[in-house]
Amino acid sequence: MKVGLLTREYPPDVHGSAGAHVEFLARELRARTDLEVHCWGDGEAEGLLRHRPADGLATSPDVLRTLSVDLAMAAELAGRELVHSHTWYAGLAGHLAKLLYGVPHVMTAHALEPLRPWLAEEQGGGYALSSWAERTALEGADAVVAVSHGMREDILAAYPALDPAAVRVIHSGVDTLLYRPDHDTEALERIGLDPERPFALYVGRIAREKGVAHLLRAARMFDPDAQLVLCGSARGASGAPGADTEVRELVAALRGERDGVHWVPRPLPRPRLIQLLTHAAVVVCPSAHEPLGTVALEAMACGTAVVASAVGGLPEVVDDGTTGLLVPWGPDDRPEVFEAALTQAVNRVLDDPVQAVRMGAAGRQRAVREFGWDQAGKRTYELYEELLARP
């Protein structure tokens, strides 16, 4: 089976959960298919083709540069029997390949443009084009993969023209041999953390849907003995200068009220990130929208308790009261309700280290038992077989 896997991010250029998803899914699919990965970047390797935006669009809006990459990908997909795209950044390439070569197109949605309406203010017409590309690709796909049941509900609500039978749930996974407790302290020393004080950790992009601003406001009332570490930048699919500016202002204000506030504004090498996930007293996922919750899974695999907003796929990952705590998402016009509840949940974990250890151990067991990438790879391959068997 000759499969083309289409993505914006691929190692070593991975800045978000979508890129990590494709990285590990590709590993599983290579054992089952003749796989060819198409991504952004320079250079080629066996089974990997990288594409760059058209030279004449160097100063054009990002959305036009993205569409030019889609055209380049589609041109190189001749001979593939099936194509599988991830996010709107590659979705149109999959749609074009379906039309051009008459092959099935599977699309995995890791986020949805209709659920990020603020991008219209930040990107103007660019948001209109990205929304058009996403709708065209999703509604034209032979199958749509949702990474959680919550995400499936969001997809069907945002795109009611889709046939519900075409939207399948295949949970993302976590490599529990790679993401496992690492008690080395190099990463902590590099950041300058006080080893005698616990710390709460956020990992992810600095984007509005990730809820970083809510976390920073909630952190004003975190246990004063605790430190806070933000590990993320505005780079990536939906990072925007506005979000970055707001977070910088909130970090500065928080540092004026308490010490021990650390921001690492760049992606860390995976070994250092695993050390942070291991040593954190609690990992906080305050998202307003979250397809699954890859960071929560990675934290659980590293044996750490998680506090997360009860949105999207996070309730399918975090077993409330067992592997962490879920915080109900508050009304949009009263963010202080959610922030107060977030503060209370984080402090509950910080104030009870014994229970936090129990939650971490339960999280590790749950990650190993229920979220292996072998299961996701098998189910994805079975979907391919089903589509190719259709007349």
# chains A, B, ... in the order shown; residues from 1 in each chain; ligands from 1
>>> residues_around(residues="A:Asp182", least_positions_apart="4", cutoff="7 Å", atoms="only C-alpha atoms", output="PyMOL selection string")
chain A and resi 274-275+278
>>> write_last_selection(atoms="N, CA and C atoms", output="compact mmCIF listing (two decimals), in the first residue's frame")
# COMPACT_ATOMS: atom_id res chain seq x y z
N ILE A 274 11.40 16.13 28.97
CA ILE A 274 10.99 14.98 29.77
C ILE A 274 11.45 15.14 31.22
N GLN A 275 12.63 15.72 31.43
CA GLN A 275 13.08 15.97 32.80
C GLN A 275 12.14 16.96 33.50
N THR A 278 8.93 15.26 34.39
CA THR A 278 9.14 14.32 35.49
C THR A 278 9.18 15.04 36.84
>>> select_by_dssp(residues="stretch 106-185 of chain A", states="alpha helix (DSSP H)", output="ChimeraX atom specification")
/A:119-123,125-140,149-158
>>> closest_residue(among="A:Leu292, A:Leu178, A:Ala219, A:Cys285", to="A:Arg258", atoms="only C-alpha atoms")
A:Ala219
>>> atom_distance(atom1="atom CA of A:Ala31", atom2="atom CA of A:Arg390")
23.3 Å
>>> closest_residue(among="A:Tyr127, A:Trp40, A:Trp88, A:Tyr10", to="A:Met107", atoms="only C-alpha atoms")
A:Trp88
>>> closest_residue(among="A:Glu121, A:Glu385, A:Glu257, A:Asp175", to="A:Arg220", atoms="only C-alpha atoms")
A:Glu257
>>> closest_residue(among="A:Arg135, A:Arg197, A:His279, A:Arg27", to="A:Ala226", atoms="only C-alpha atoms")
A:Arg197
>>> residues_around(residues="stretch 185-193 of chain A", least_positions_apart="5", cutoff="10 Å", atoms="only C-alpha atoms", output="MDAnalysis selection string")
chainID A and resid 198:199 227:229 260:264 268:269 271:276 278:280
>>> closest_residue(among="A:Leu115, A:Ala166, A:Val251, A:Ala58", to="A:Arg217", atoms="only C-alpha atoms")
A:Val251
>>> residues_around(residues="A:Ala143", least_positions_apart="4", cutoff="12 Å", atoms="only C-alpha atoms", output="PyMOL selection string")
chain A and resi 82-85+94-95+98+104-109+137-139+162-170+380+383-384+386-388
>>> write_last_selection(atoms="C-alpha atoms", output="mmCIF file, in the first residue's frame")
data_model
loop_
_atom_site.group_PDB
_atom_site.id
_atom_site.type_symbol
_atom_site.label_atom_id
_atom_site.label_comp_id
_atom_site.auth_asym_id
_atom_site.auth_seq_id
_atom_site.Cartn_x
_atom_site.Cartn_y
_atom_site.Cartn_z
ATOM 1 C CA LEU A 82 -3.964 6.979 -0.684
ATOM 2 C CA VAL A 83 -3.097 10.349 0.875
ATOM 3 C CA HIS A 84 -3.495 11.370 4.513
ATOM 4 C CA SER A 85 -3.216 15.049 5.452
ATOM 5 C CA GLY A 94 -4.640 16.041 0.023
ATOM 6 C CA HIS A 95 -7.833 17.321 -1.584
ATOM 7 C CA LYS A 98 -7.719 13.122 -4.497
ATOM 8 C CA PRO A 104 -8.824 8.383 -1.305
ATOM 9 C CA HIS A 105 -8.032 11.310 0.974
ATOM 10 C CA VAL A 106 -8.010 10.966 4.760
ATOM 11 C CA MET A 107 -7.718 14.156 6.799
ATOM 12 C CA THR A 108 -6.912 14.400 10.499
ATOM 13 C CA ALA A 109 -8.141 17.609 12.139
ATOM 14 C CA ALA A 137 -10.484 19.651 2.448
ATOM 15 C CA LEU A 138 -12.645 18.306 5.271
ATOM 16 C CA GLU A 139 -15.914 18.245 3.355
ATOM 17 C CA LEU A 162 -20.099 16.093 6.843
ATOM 18 C CA ASP A 163 -21.517 12.590 6.966
ATOM 19 C CA PRO A 164 -21.149 11.534 10.630
ATOM 20 C CA ALA A 165 -20.226 8.014 9.493
ATOM 21 C CA ALA A 166 -17.143 9.449 7.752
ATOM 22 C CA VAL A 167 -15.759 10.985 10.963
ATOM 23 C CA ARG A 168 -13.799 8.342 12.886
ATOM 24 C CA VAL A 169 -12.195 8.601 16.308
ATOM 25 C CA ILE A 170 -8.605 7.379 16.550
ATOM 26 C CA THR A 380 -5.277 4.007 10.998
ATOM 27 C CA LEU A 383 -9.132 2.650 7.918
ATOM 28 C CA TYR A 384 -6.846 2.790 4.876
ATOM 29 C CA GLU A 386 -11.408 -0.056 4.277
ATOM 30 C CA LEU A 387 -11.203 2.929 1.941
ATOM 31 C CA LEU A 388 -9.099 1.127 -0.640
#
>>> residues_around(residues="stretch 318-322 of chain A", least_positions_apart="4", cutoff="10 Å", atoms="only C-alpha atoms", output="list in words")
Gly293, Ala296, Leu297, Met300, Ala305, Val306, Val307, Ala308, Ser309, Ala310, Gly313, Leu314, Leu326, Val327, Gln355, Ala356, Arg358, Met359, Gly360, Ala361, Ala362, Gly363, Arg366 and Ala367 of chain A
>>> residues_around(residues="A:Val37", least_positions_apart="2", cutoff="9 Å", atoms="only C-alpha atoms", output="ChimeraX atom specification")
/A:3-7,10,26,35,39,47-50
>>> write_last_selection(atoms="N, CA and C atoms", output="compact mmCIF listing (two decimals), in the first residue's frame")
# COMPACT_ATOMS: atom_id res chain seq x y z
N VAL A 3 1.29 5.03 0.50
CA VAL A 3 0.59 6.10 1.23
C VAL A 3 1.43 7.37 1.23
N GLY A 4 0.78 8.50 0.99
CA GLY A 4 1.42 9.80 1.15
C GLY A 4 0.90 10.46 2.41
N LEU A 5 1.80 10.78 3.34
CA LEU A 5 1.44 11.43 4.61
C LEU A 5 1.87 12.89 4.53
N LEU A 6 0.91 13.80 4.68
CA LEU A 6 1.13 15.21 4.39
C LEU A 6 1.01 16.04 5.68
N THR A 7 2.01 16.88 5.94
CA THR A 7 2.05 17.63 7.19
C THR A 7 2.87 18.89 7.03
N TYR A 10 7.43 18.31 10.82
CA TYR A 10 8.02 16.98 10.88
C TYR A 10 9.42 17.15 11.44
N ALA A 26 3.86 8.16 11.73
CA ALA A 26 4.68 7.74 10.60
C ALA A 26 5.54 6.54 10.96
N LEU A 35 5.49 4.09 2.82
CA LEU A 35 5.10 5.43 3.27
C LEU A 35 6.03 6.49 2.70
N CYS A 39 6.45 17.21 3.84
CA CYS A 39 6.38 18.23 4.89
C CYS A 39 7.05 19.51 4.41
N GLY A 47 12.03 8.22 1.59
CA GLY A 47 10.68 8.25 2.13
C GLY A 47 10.25 9.60 2.68
N LEU A 48 11.03 10.66 2.42
CA LEU A 48 10.72 11.98 2.96
C LEU A 48 11.01 13.05 1.91
N LEU A 49 10.00 13.86 1.60
CA LEU A 49 10.16 14.99 0.68
C LEU A 49 9.75 16.26 1.40
N ARG A 50 10.66 17.23 1.39
CA ARG A 50 10.38 18.52 2.02
C ARG A 50 10.09 19.57 0.95
